[in-house]
$ cat model-v5.txt   # compact mmCIF, C-alpha atoms and all ligand atoms
# COMPACT_ATOMS: atom_id res chain seq x y z
CA MET A 48 10.29 -42.37 -14.10
CA THR A 49 8.78 -40.94 -10.96
CA MET A 50 6.88 -37.71 -11.00
CA LEU A 51 8.39 -34.63 -9.44
CA LEU A 52 4.96 -33.11 -8.92
CA GLU A 53 1.62 -34.85 -9.07
CA ALA A 54 -1.94 -33.58 -8.70
CA ARG A 55 -4.63 -36.18 -8.12
CA ASP A 56 -8.22 -35.19 -8.80
CA VAL A 57 -7.69 -31.71 -7.40
CA HIS A 58 -10.66 -29.42 -6.89
CA ARG A 59 -10.95 -25.89 -5.61
CA SER A 60 -14.19 -24.06 -5.10
CA PHE A 61 -14.90 -20.62 -3.70
CA SER A 62 -17.97 -19.44 -1.90
CA VAL A 63 -18.98 -16.21 -3.59
CA SER A 64 -21.67 -13.72 -2.77
CA SER A 65 -23.99 -12.79 -5.61
CA GLY A 66 -25.38 -9.70 -3.94
CA MET A 67 -26.86 -8.51 -0.69
CA LEU A 68 -29.39 -10.83 0.94
CA LYS A 69 -28.74 -13.45 -1.70
CA PRO A 70 -27.37 -16.80 -0.61
CA LYS A 71 -23.72 -17.52 -1.28
CA ARG A 72 -22.98 -19.64 -4.31
CA THR A 73 -20.21 -22.08 -5.06
CA LEU A 74 -17.80 -21.30 -7.85
CA HIS A 75 -15.80 -24.28 -9.10
CA ALA A 76 -12.50 -22.74 -10.21
CA VAL A 77 -10.67 -26.06 -10.52
CA ASN A 78 -12.88 -29.03 -11.12
CA GLY A 79 -11.00 -32.32 -10.94
CA ILE A 80 -7.50 -31.94 -12.36
CA THR A 81 -5.03 -34.80 -12.47
CA LEU A 82 -1.57 -34.15 -13.83
CA GLY A 83 2.04 -35.17 -13.36
CA VAL A 84 5.29 -33.39 -14.13
CA ARG A 85 8.52 -35.35 -14.59
CA LYS A 86 11.91 -33.94 -13.77
CA GLY A 87 13.27 -31.85 -16.64
CA GLU A 88 9.90 -31.43 -18.33
CA ILE A 89 8.26 -28.15 -19.24
CA LEU A 90 4.54 -28.61 -18.81
CA GLY A 91 2.49 -25.84 -20.42
CA LEU A 92 -0.95 -24.99 -19.01
CA VAL A 93 -3.10 -22.98 -21.41
CA GLY A 94 -6.65 -21.71 -21.46
CA GLU A 95 -8.65 -18.51 -21.51
CA SER A 96 -8.63 -16.05 -18.66
CA GLY A 97 -10.82 -17.34 -15.84
CA CYS A 98 -10.41 -21.06 -16.60
CA GLY A 99 -8.60 -21.71 -13.30
CA LYS A 100 -4.91 -21.58 -14.23
CA SER A 101 -3.79 -19.32 -11.39
CA THR A 102 -5.92 -21.15 -8.85
CA LEU A 103 -4.26 -24.40 -9.93
CA ALA A 104 -0.82 -22.73 -9.80
CA LYS A 105 -1.41 -21.57 -6.23
CA MET A 106 -2.36 -25.09 -5.19
CA LEU A 107 0.70 -26.59 -6.93
CA LEU A 108 2.86 -24.04 -5.08
CA GLY A 109 1.27 -25.05 -1.80
CA SER A 110 -0.05 -21.56 -1.10
CA LEU A 111 -3.73 -22.50 -1.54
CA ALA A 112 -5.30 -25.66 -0.16
CA PRO A 113 -7.40 -27.82 -2.50
CA THR A 114 -10.99 -28.36 -1.41
CA ARG A 115 -10.58 -31.96 -2.61
CA GLY A 116 -7.80 -34.11 -3.98
CA GLN A 117 -4.11 -34.41 -3.25
CA ILE A 118 -0.86 -32.88 -4.42
CA LEU A 119 2.41 -34.78 -4.08
CA PHE A 120 5.90 -33.34 -4.45
CA ASP A 121 8.62 -35.93 -4.89
CA GLY A 122 6.13 -38.54 -3.66
CA GLN A 123 5.27 -36.69 -0.43
CA PRO A 124 2.07 -34.73 0.31
CA LEU A 125 2.81 -31.07 -0.38
CA ALA A 126 0.58 -30.01 2.51
CA ALA A 127 2.84 -31.85 4.98
CA ALA A 128 5.93 -29.73 4.18
CA ASP A 129 6.35 -26.39 5.95
CA ARG A 130 6.44 -23.15 3.99
CA LEU A 131 10.21 -22.67 4.07
CA ALA A 132 10.92 -26.27 3.08
CA ARG A 133 8.52 -25.89 0.13
CA ALA A 134 10.09 -22.59 -0.90
CA ARG A 135 13.51 -24.18 -1.20
CA ARG A 136 12.23 -26.67 -3.77
CA ILE A 137 9.36 -24.88 -5.57
CA GLN A 138 9.42 -21.21 -6.57
CA PRO A 139 6.93 -19.05 -8.45
CA ILE A 140 7.50 -16.45 -11.14
CA PHE A 141 4.55 -14.11 -11.63
CA GLN A 142 3.20 -11.99 -14.44
CA ASP A 143 3.91 -8.56 -13.10
CA PRO A 144 7.45 -8.22 -11.78
CA TYR A 145 6.77 -4.67 -10.71
CA SER A 146 4.17 -5.47 -8.09
CA SER A 147 6.26 -8.35 -6.70
CA LEU A 148 9.43 -6.26 -6.23
CA ASN A 149 9.66 -3.93 -3.24
CA PRO A 150 10.12 -0.44 -4.78
CA ARG A 151 12.18 0.77 -1.80
CA LYS A 152 14.79 -2.01 -1.92
CA THR A 153 17.80 -2.18 -4.17
CA ILE A 154 18.04 -4.93 -6.78
CA ALA A 155 20.83 -6.61 -4.78
CA SER A 156 18.78 -6.72 -1.60
CA ILE A 157 15.68 -7.96 -3.45
CA ILE A 158 17.62 -10.87 -4.95
CA ALA A 159 19.27 -11.63 -1.59
CA LEU A 160 15.99 -11.75 0.34
CA PRO A 161 15.44 -15.54 0.15
CA LEU A 162 18.97 -16.07 1.56
CA VAL A 163 18.14 -13.76 4.45
CA VAL A 164 14.77 -15.42 5.11
CA HIS A 165 16.39 -18.87 5.09
CA GLY A 166 19.40 -17.70 7.14
CA ILE A 167 21.91 -18.69 4.48
CA GLY A 168 25.43 -17.16 4.42
CA ASP A 169 26.90 -13.98 5.90
CA ALA A 170 26.77 -10.60 4.17
CA ALA A 171 29.82 -11.28 2.02
CA GLU A 172 28.60 -14.71 0.95
CA ARG A 173 25.16 -13.32 0.09
CA ARG A 174 26.73 -10.54 -1.95
CA ARG A 175 28.81 -13.07 -3.85
CA ARG A 176 25.76 -15.19 -4.62
CA VAL A 177 23.68 -12.18 -5.65
CA MET A 178 26.36 -11.15 -8.15
CA GLU A 179 26.50 -14.71 -9.45
CA GLN A 180 22.70 -14.68 -9.89
CA MET A 181 22.74 -11.36 -11.71
CA ASP A 182 25.28 -12.74 -14.11
CA LEU A 183 23.21 -15.89 -14.58
CA VAL A 184 20.10 -13.97 -15.64
CA GLY A 185 21.92 -11.40 -17.76
CA LEU A 186 21.72 -8.36 -15.50
CA ALA A 187 24.68 -5.98 -15.54
CA LYS A 188 26.49 -5.61 -12.20
CA ARG A 189 25.93 -1.85 -12.26
CA HIS A 190 22.22 -2.49 -11.60
CA ALA A 191 22.94 -3.98 -8.16
CA GLU A 192 22.32 -0.71 -6.33
CA ALA A 193 19.48 0.44 -8.62
CA TYR A 194 15.79 0.41 -7.63
CA PRO A 195 13.07 -1.46 -9.54
CA SER A 196 11.64 1.76 -10.99
CA GLN A 197 14.98 2.39 -12.72
CA LEU A 198 14.79 -0.85 -14.69
CA SER A 199 12.78 -1.86 -17.76
CA GLY A 200 10.00 -4.46 -17.53
CA GLY A 201 12.26 -7.15 -18.98
CA GLN A 202 15.06 -6.33 -16.53
CA ARG A 203 12.59 -6.44 -13.65
CA GLN A 204 11.45 -9.88 -14.72
CA ARG A 205 15.13 -10.93 -14.76
CA VAL A 206 15.37 -9.70 -11.15
CA ALA A 207 12.33 -11.78 -10.21
CA ILE A 208 13.87 -14.83 -11.92
CA ALA A 209 17.21 -14.29 -10.15
CA ARG A 210 15.41 -14.13 -6.82
CA ALA A 211 13.33 -17.23 -7.60
CA LEU A 212 16.46 -19.23 -8.47
CA ILE A 213 18.83 -18.16 -5.72
CA LEU A 214 17.82 -21.07 -3.46
CA ARG A 215 18.35 -23.47 -6.40
CA PRO A 216 14.78 -24.82 -6.44
CA GLU A 217 13.92 -27.89 -8.51
CA LEU A 218 10.55 -26.70 -9.84
CA ILE A 219 9.54 -23.28 -11.17
CA ILE A 220 5.88 -22.43 -11.59
CA ALA A 221 5.71 -19.47 -13.95
CA ASP A 222 2.24 -17.88 -14.17
CA GLU A 223 2.03 -15.71 -17.31
CA PRO A 224 5.72 -14.73 -16.95
CA THR A 225 5.81 -12.62 -20.11
CA SER A 226 2.22 -11.37 -20.43
CA ALA A 227 3.02 -7.95 -18.95
CA LEU A 228 6.07 -7.41 -21.17
CA ASP A 229 6.50 -5.78 -24.55
CA VAL A 230 6.33 -8.30 -27.36
CA SER A 231 9.94 -7.50 -28.26
CA VAL A 232 11.25 -8.64 -24.85
CA GLN A 233 8.91 -11.60 -24.36
CA SER A 234 11.05 -13.98 -26.38
CA GLN A 235 14.23 -12.84 -24.58
CA ILE A 236 12.70 -13.83 -21.25
CA LEU A 237 11.36 -17.12 -22.64
CA ASN A 238 14.78 -17.97 -24.07
CA LEU A 239 16.38 -17.10 -20.74
CA LEU A 240 14.02 -19.55 -19.03
CA LEU A 241 15.02 -22.24 -21.55
CA ASP A 242 18.75 -21.60 -21.03
CA LEU A 243 18.34 -21.70 -17.26
CA ARG A 244 16.55 -25.01 -17.46
CA ASP A 245 19.48 -26.54 -19.32
CA GLU A 246 22.06 -24.94 -17.08
CA LEU A 247 20.42 -25.70 -13.74
CA GLY A 248 18.43 -28.84 -14.59
CA LEU A 249 15.11 -27.18 -13.75
CA THR A 250 11.57 -28.41 -14.25
CA TYR A 251 8.91 -25.88 -15.25
CA ILE A 252 5.20 -25.50 -15.18
CA LEU A 253 4.54 -22.68 -17.61
CA ILE A 254 1.14 -21.03 -17.54
CA SER A 255 -0.10 -18.86 -20.36
CA HIS A 256 -3.28 -17.82 -22.11
CA ASN A 257 -1.15 -17.67 -25.25
CA LEU A 258 -0.56 -20.93 -27.08
CA ALA A 259 2.34 -19.46 -29.05
CA VAL A 260 4.28 -18.93 -25.82
CA VAL A 261 3.67 -22.50 -24.77
CA GLU A 262 4.51 -23.94 -28.19
CA HIS A 263 7.91 -22.28 -28.02
CA LEU A 264 8.84 -23.77 -24.64
CA ALA A 265 6.71 -26.65 -23.46
CA THR A 266 7.49 -30.32 -23.91
CA ARG A 267 3.90 -31.19 -23.03
CA VAL A 268 0.74 -29.10 -22.92
CA ALA A 269 -2.47 -29.32 -20.91
CA VAL A 270 -5.39 -27.33 -22.31
CA ILE A 271 -7.74 -26.17 -19.57
CA TYR A 272 -11.39 -25.29 -19.98
CA LEU A 273 -13.66 -24.36 -17.04
CA GLY A 274 -11.37 -25.90 -14.46
CA ARG A 275 -10.69 -29.18 -16.28
CA ILE A 276 -7.97 -30.47 -18.56
CA VAL A 277 -9.80 -31.11 -21.84
CA GLU A 278 -6.69 -32.20 -23.73
CA GLU A 279 -3.16 -33.12 -22.69
CA ARG A 280 -0.57 -34.00 -25.33
CA ASP A 281 3.07 -33.90 -26.23
CA THR A 282 3.63 -30.46 -27.73
CA ASP A 283 4.31 -31.69 -31.27
CA ASN A 284 1.17 -33.82 -31.29
CA LEU A 285 -1.03 -31.03 -30.00
CA PHE A 286 0.20 -28.48 -32.50
CA GLY A 287 0.35 -31.00 -35.33
CA GLU A 288 -3.19 -32.29 -34.89
CA PRO A 289 -5.21 -30.90 -31.98
CA GLY A 290 -7.79 -33.41 -30.79
CA HIS A 291 -10.28 -31.23 -28.92
CA PRO A 292 -12.40 -28.61 -30.72
CA TYR A 293 -11.44 -26.12 -28.01
CA SER A 294 -7.73 -26.68 -28.67
CA ARG A 295 -8.37 -26.14 -32.38
CA ALA A 296 -10.08 -22.83 -31.58
CA LEU A 297 -7.15 -21.76 -29.40
CA LEU A 298 -4.73 -22.67 -32.15
CA SER A 299 -6.52 -20.53 -34.69
CA SER A 300 -6.52 -17.63 -32.24
CA VAL A 301 -2.72 -17.75 -32.23
CA LEU A 302 -2.76 -16.70 -35.84
CA THR A 303 -4.33 -13.31 -35.20
CA PRO A 304 -2.06 -10.44 -36.22
CA ASP A 305 -2.26 -8.59 -32.91
CA PRO A 306 -0.31 -10.59 -30.30
CA THR A 307 -1.54 -8.35 -27.48
CA ALA A 308 -5.17 -9.17 -28.24
CA GLY A 309 -4.98 -12.36 -26.17
CA MET A 310 -7.89 -14.71 -26.18
CA PRO A 311 -10.98 -12.58 -26.91
CA ASP A 312 -10.51 -13.38 -30.58
CA VAL A 313 -11.05 -17.08 -30.05
CA PRO A 314 -13.50 -17.79 -32.89
CA LEU A 315 -16.16 -19.19 -30.60
CA GLY A 316 -18.84 -16.55 -30.63
CA VAL A 317 -20.25 -16.47 -27.12
CA ALA A 318 -18.22 -15.27 -24.18
CA PHE A 319 -16.44 -17.48 -21.70
CA PRO A 320 -19.06 -19.33 -19.66
CA ASN A 321 -19.87 -18.62 -16.06
CA PRO A 322 -18.10 -21.03 -13.67
CA LEU A 323 -21.04 -20.54 -11.29
CA GLU A 324 -23.29 -22.27 -13.80
CA PRO A 325 -21.20 -24.74 -15.79
CA PRO A 326 -23.19 -26.28 -18.65
CA PRO A 327 -24.31 -29.91 -18.28
CA GLY A 328 -22.68 -32.68 -20.29
CA CYS A 329 -19.50 -31.48 -21.95
CA SER A 330 -18.94 -28.02 -20.47
CA PHE A 331 -17.66 -26.79 -23.85
CA HIS A 332 -20.72 -27.86 -25.86
CA PRO A 333 -22.51 -24.44 -26.00
CA ARG A 334 -19.52 -22.98 -27.85
CA CYS A 335 -18.48 -26.05 -29.79
CA PRO A 336 -18.79 -25.97 -33.59
CA GLN A 337 -18.78 -29.79 -33.66
CA ALA A 338 -21.30 -30.46 -30.87
CA ILE A 339 -23.98 -33.14 -31.35
CA ALA A 340 -27.08 -33.69 -29.21
CA GLU A 341 -25.32 -36.15 -26.91
CA CYS A 342 -22.73 -33.51 -25.93
CA SER A 343 -25.30 -31.57 -23.90
CA SER A 344 -26.04 -34.50 -21.62
CA THR A 345 -23.03 -36.83 -21.52
CA VAL A 346 -19.83 -35.94 -19.70
CA PRO A 347 -16.94 -37.04 -21.95
CA ARG A 348 -14.31 -39.42 -20.58
CA PRO A 349 -10.66 -39.13 -21.59
CA VAL A 350 -9.93 -40.73 -24.98
CA THR A 351 -6.36 -41.84 -25.68
CA ILE A 352 -4.97 -40.22 -28.82
CA ALA A 353 -1.42 -39.84 -30.17
CA GLY A 354 0.83 -38.37 -27.48
CA GLY A 355 -1.86 -37.99 -24.82
CA PHE A 356 -5.62 -37.72 -24.37
CA ALA A 357 -8.62 -35.52 -25.04
CA GLU A 358 -12.00 -35.38 -23.33
CA CYS A 359 -14.39 -35.16 -26.26
CA LEU A 360 -17.22 -37.44 -27.36
CA ARG A 361 -16.34 -36.81 -30.99
CA CYS A 362 -12.70 -37.71 -30.59
CA ARG A 363 -11.69 -41.02 -32.15
CA PRO A 364 -9.26 -43.10 -30.09
CA ALA A 365 -5.79 -43.84 -31.43
CA GLY A 366 -5.91 -46.78 -33.85
CA ALA A 367 -9.68 -46.56 -34.44
CA PRO A 368 -10.87 -46.45 -38.07
N1 LIG A 401 -10.30 -16.01 -4.12
C1 LIG A 401 -11.29 -16.17 -4.99
N2 LIG A 401 -12.58 -16.00 -4.62
C2 LIG A 401 -13.59 -16.18 -5.51
N3 LIG A 401 -13.42 -16.53 -6.79
C3 LIG A 401 -12.16 -16.71 -7.22
C4 LIG A 401 -11.03 -16.54 -6.36
N4 LIG A 401 -9.89 -16.80 -7.08
C5 LIG A 401 -10.31 -17.11 -8.32
N5 LIG A 401 -11.66 -17.05 -8.42
C6 LIG A 401 -12.47 -17.35 -9.62
O1 LIG A 401 -12.05 -18.60 -10.10
C7 LIG A 401 -12.05 -18.64 -11.51
C8 LIG A 401 -10.67 -19.00 -12.00
O2 LIG A 401 -9.78 -17.92 -11.72
P1 LIG A 401 -8.22 -17.99 -12.02
O3 LIG A 401 -7.67 -19.22 -11.42
O4 LIG A 401 -7.62 -16.70 -11.61
O5 LIG A 401 -8.21 -18.13 -13.62
P2 LIG A 401 -7.06 -17.81 -14.69
O6 LIG A 401 -5.75 -17.70 -13.96
O7 LIG A 401 -7.12 -18.94 -15.64
O8 LIG A 401 -7.44 -16.52 -15.35
C9 LIG A 401 -12.53 -17.27 -11.96
O9 LIG A 401 -13.92 -17.34 -12.21
C10 LIG A 401 -12.24 -16.40 -10.76
O10 LIG A 401 -13.12 -15.31 -10.70
MG MG A 402 -4.29 -16.18 -13.99
$ encode --input "model-v5.txt" --output "structure tokens"
Amino acid sequence: MTMLLEARDVHRSFSVSSGMLKPKRTLHAVNGITLGVRKGEILGLVGESGCGKSTLAKMLLGSLAPTRGQILFDGQPLAAADRLARARRIQPIFQDPYSSLNPRKTIASIIALPLVVHGIGDAAERRRRVMEQMDLVGLAKRHAEAYPSQLSGGQRQRVAIARALILRPELIIADEPTSALDVSVQSQILNLLLDLRDELGLTYILISHNLAVVEHLATRVAVIYLGRIVEERDTDNLFGEPGHPYSRALLSSVLTPDPTAGMPDVPLGVAFPNPLEPPPGCSFHPRCPQAIAECSSTVPRPVTIAGGFAECLRCRPAGAP
């Protein structure tokens, strides 16, 4: 089956200043990512804050150019499509619905905006489609003339989802879509996303620092560390038997009692490394409980394991004794 979206060895670096009179330095936010998403799949991207998830998402949306590598949508270079053409087929959903909704517009006009921008329908037709969208995402009709500040966080995220879907895109890239919400409404929004996929035949890339969120939804998961995919597996395989020591650490962090604590409780001791000075060899080795001497000098290649691959020198390939 052909890929709906493909990234081929994508890199993105930023030139950052490290203080007055000091030379600029290069920060490698995304450092050689190759991935493919098939139609109907939900690909989860997980990793600690700062590992490059949002930078990758922006490139997959076409809103940030890679410094190296290529992104194809439906077999065509994403960079070749104009912004409006891209927006009809790929739409984002962001973490904080409040900052992405204009506080001075009514809910109905916020949801209708893509139709206006794309010159679709007259006022009556737009109104009809807005009402249909509100119904689709579970928003009561009486909210049509309300303002974002009058809605709860969960309702605001429903507005953002309604707006993202009104052009009937094929791919949704959701960057931490529930991280700003109360735990009690997170699963409602995640279940809504699942229902919408079935109803509209959508494909998702779901980004989260929380493995539990991804386990609930994703069909496949890519674990990102310092701008690279260190493990990519079918969801059942990853959660059944994680191959990379970093994935194992993430999995144990899911079990902490406080779901709002996020990743700081990853049992890895030292803080997340500096992407300005990535360690040599395997970039995870300074934090790795299983590291051997070789890990500090040899860059691991992908090893095929059940349901995917992991980049770890200590990983045994599928079928090996
Ligand atoms: N525009 C930018 N300029 C400089 N550095 C950036 C920029 N955007 C992201 N970064 C850096 O790139 C790294 C990855 O960031 P990001 O993609 O936001 O990670 P995540 O979404 O996983 O938290 C971080 O070190 C961040 O500080
Ligand atoms: Mg982010």
$ residues_near_ligand --input "model-v5.txt" --ligand "ligand MG 402 (chain A)" --cutoff "10 Å" --atoms "only C-alpha atoms and all ligand atoms" --output "list in words"
Gly94, Glu95, Ser96, Gly97, Cys98, Gly99, Lys100, Ser101, Thr102, Leu103, Ala104, Lys105, Phe141, Gln142, Asp222, Glu223, Ile254, Ser255 and His256 of chain A
$ residues_around --input "model-v5.txt" --residues "Glu262 (chain A)" --least-positions-apart "2" --cutoff "10 Å" --atoms "only C-alpha atoms" --output "list in words"
Gly91, Asn257, Leu258, Ala259, Val260, Leu264, Ala265, Thr266, Arg267, Val268, Thr282, Asp283, Leu285 and Phe286 of chain A
$ closest_residue --input "model-v5.txt" --among "A:His58, A:Arg136, A:Lys86, A:His75" --to "ligand LIG 401 (chain A)" --atoms "only C-alpha atoms and all ligand atoms"
A:His75
$ closest_residue --input "model-v5.txt" --among "A:Ala207, A:Leu119, A:Ala112, A:Ile271" --to "ligand LIG 401 (chain A)" --atoms "only C-alpha atoms and all ligand atoms"
A:Ile271
$ closest_residue --input "model-v5.txt" --among "A:Asn321, A:Gln235, A:Asn284, A:Asn149" --to "ligand LIG 401 (chain A)" --atoms "all atoms listed in the file"
A:Asn321
$ closest_residue --input "model-v5.txt" --among "A:Ala171, A:Ala132, A:Leu243, A:Cys359" --to "Cys335 (chain A)" --atoms "all atoms listed in the file"
A:Cys359
$ closest_residue --input "model-v5.txt" --among "A:Leu125, A:Ala155, A:Val163, A:Ile236" --to "Ala193 (chain A)" --atoms "only C-alpha atoms"
A:Ala155
$ residues_near_point --input "model-v5.txt" --point "(-0.6, -26.5, 1.1)" --cutoff "8 Å" --atoms "all atoms listed in the file" --output "PyMOL selection string"
chain A and resi 106+108-113+125-128
$ closest_residue --input "model-v5.txt" --among "A:Val164, A:Val277, A:Leu249, A:Val230" --to "Thr351 (chain A)" --atoms "all atoms listed in the file"
A:Val277
$ atom_distance --input "model-v5.txt" --atom1 "CA of Ile252 (chain A)" --atom2 "CA of Arg55 (chain A)"
16.1 Å
$ axis_aligned_box --input "model-v5.txt" --around "ligand LIG 401 (chain A)" --padding-each-side "3 Å" --output "lines of an AutoDock Vina configuration file"
center_x = -9.8
center_y = -17.3
center_z = -9.9
size_x = 14.2
size_y = 9.9
size_z = 17.5
$ closest_atom_pairs --input "model-v5.txt" --of "region 219-304 of chain A" --to "region 353-358 of chain A" --cutoff "7 Å" --atoms "all atoms listed in the file" --output "CSV"
residue,atom,partner,partner_atom,distance
A:Val277,CA,A:Glu358,CA,5.0
A:Glu278,CA,A:Ala357,CA,4.1
A:Glu279,CA,A:Gly355,CA,5.5
A:Arg280,CA,A:Gly355,CA,4.2
A:Asp281,CA,A:Gly354,CA,5.2
A:Asn284,CA,A:Gly354,CA,5.9
A:Gly290,CA,A:Ala357,CA,6.2
A:His291,CA,A:Ala357,CA,6.0
$ build_atoms --input "model-v5.txt" --residues "region 160-168 of chain A" --atoms "all heavy atoms" --output "PDB file, in the coordinates of the input"
ATOM      1  N   LEU A 160      16.997 -11.525  -0.709  1.00  0.00           N
ATOM      2  CA  LEU A 160      15.990 -11.750   0.340  1.00  0.00           C
ATOM      3  C   LEU A 160      15.778 -13.226   0.728  1.00  0.00           C
ATOM      4  O   LEU A 160      15.758 -13.550   1.920  1.00  0.00           O
ATOM      5  CB  LEU A 160      14.666 -11.083  -0.040  1.00  0.00           C
ATOM      6  CG  LEU A 160      13.627 -11.081   1.084  1.00  0.00           C
ATOM      7  CD1 LEU A 160      14.090 -10.243   2.269  1.00  0.00           C
ATOM      8  CD2 LEU A 160      12.283 -10.562   0.572  1.00  0.00           C
ATOM      9  N   PRO A 161      15.639 -14.142  -0.259  1.00  0.00           N
ATOM     10  CA  PRO A 161      15.440 -15.540   0.150  1.00  0.00           C
ATOM     11  C   PRO A 161      16.592 -16.081   1.010  1.00  0.00           C
ATOM     12  O   PRO A 161      16.359 -16.872   1.928  1.00  0.00           O
ATOM     13  CB  PRO A 161      15.357 -16.305  -1.176  1.00  0.00           C
ATOM     14  CG  PRO A 161      14.919 -15.279  -2.167  1.00  0.00           C
ATOM     15  CD  PRO A 161      15.548 -13.993  -1.723  1.00  0.00           C
ATOM     16  N   LEU A 162      17.829 -15.623   0.750  1.00  0.00           N
ATOM     17  CA  LEU A 162      18.970 -16.070   1.560  1.00  0.00           C
ATOM     18  C   LEU A 162      18.818 -15.573   2.993  1.00  0.00           C
ATOM     19  O   LEU A 162      19.105 -16.293   3.952  1.00  0.00           O
ATOM     20  CB  LEU A 162      20.290 -15.543   0.963  1.00  0.00           C
ATOM     21  CG  LEU A 162      20.636 -16.021  -0.449  1.00  0.00           C
ATOM     22  CD1 LEU A 162      21.932 -15.355  -0.914  1.00  0.00           C
ATOM     23  CD2 LEU A 162      20.775 -17.538  -0.486  1.00  0.00           C
ATOM     24  N   VAL A 163      18.329 -14.336   3.124  1.00  0.00           N
ATOM     25  CA  VAL A 163      18.140 -13.760   4.450  1.00  0.00           C
ATOM     26  C   VAL A 163      17.037 -14.524   5.195  1.00  0.00           C
ATOM     27  O   VAL A 163      17.213 -14.950   6.330  1.00  0.00           O
ATOM     28  CB  VAL A 163      17.781 -12.250   4.332  1.00  0.00           C
ATOM     29  CG1 VAL A 163      17.479 -11.653   5.702  1.00  0.00           C
ATOM     30  CG2 VAL A 163      18.904 -11.485   3.630  1.00  0.00           C
ATOM     31  N   VAL A 164      15.910 -14.734   4.490  1.00  0.00           N
ATOM     32  CA  VAL A 164      14.770 -15.420   5.110  1.00  0.00           C
ATOM     33  C   VAL A 164      15.167 -16.833   5.566  1.00  0.00           C
ATOM     34  O   VAL A 164      14.758 -17.297   6.633  1.00  0.00           O
ATOM     35  CB  VAL A 164      13.575 -15.489   4.129  1.00  0.00           C
ATOM     36  CG1 VAL A 164      12.477 -16.399   4.660  1.00  0.00           C
ATOM     37  CG2 VAL A 164      13.033 -14.096   3.869  1.00  0.00           C
ATOM     38  N   HIS A 165      15.998 -17.493   4.764  1.00  0.00           N
ATOM     39  CA  HIS A 165      16.390 -18.870   5.090  1.00  0.00           C
ATOM     40  C   HIS A 165      17.677 -18.931   5.912  1.00  0.00           C
ATOM     41  O   HIS A 165      18.190 -20.010   6.173  1.00  0.00           O
ATOM     42  CB  HIS A 165      16.532 -19.692   3.798  1.00  0.00           C
ATOM     43  CG  HIS A 165      15.215 -19.973   3.135  1.00  0.00           C
ATOM     44  ND1 HIS A 165      14.586 -21.196   3.181  1.00  0.00           N
ATOM     45  CD2 HIS A 165      14.380 -19.163   2.449  1.00  0.00           C
ATOM     46  CE1 HIS A 165      13.436 -21.124   2.534  1.00  0.00           C
ATOM     47  NE2 HIS A 165      13.289 -19.908   2.073  1.00  0.00           N
ATOM     48  N   GLY A 166      18.210 -17.749   6.296  1.00  0.00           N
ATOM     49  CA  GLY A 166      19.400 -17.700   7.140  1.00  0.00           C
ATOM     50  C   GLY A 166      20.630 -18.323   6.506  1.00  0.00           C
ATOM     51  O   GLY A 166      21.395 -19.023   7.167  1.00  0.00           O
ATOM     52  N   ILE A 167      20.794 -18.081   5.193  1.00  0.00           N
ATOM     53  CA  ILE A 167      21.910 -18.690   4.480  1.00  0.00           C
ATOM     54  C   ILE A 167      23.036 -17.656   4.283  1.00  0.00           C
ATOM     55  O   ILE A 167      22.795 -16.566   3.753  1.00  0.00           O
ATOM     56  CB  ILE A 167      21.448 -19.238   3.111  1.00  0.00           C
ATOM     57  CG1 ILE A 167      20.418 -20.352   3.321  1.00  0.00           C
ATOM     58  CG2 ILE A 167      22.644 -19.735   2.284  1.00  0.00           C
ATOM     59  CD1 ILE A 167      19.697 -20.777   2.066  1.00  0.00           C
ATOM     60  N   GLY A 168      24.245 -17.978   4.689  1.00  0.00           N
ATOM     61  CA  GLY A 168      25.430 -17.160   4.420  1.00  0.00           C
ATOM     62  C   GLY A 168      25.526 -15.885   5.253  1.00  0.00           C
ATOM     63  O   GLY A 168      24.539 -15.436   5.841  1.00  0.00           O
TER      64      GLY A 168
END
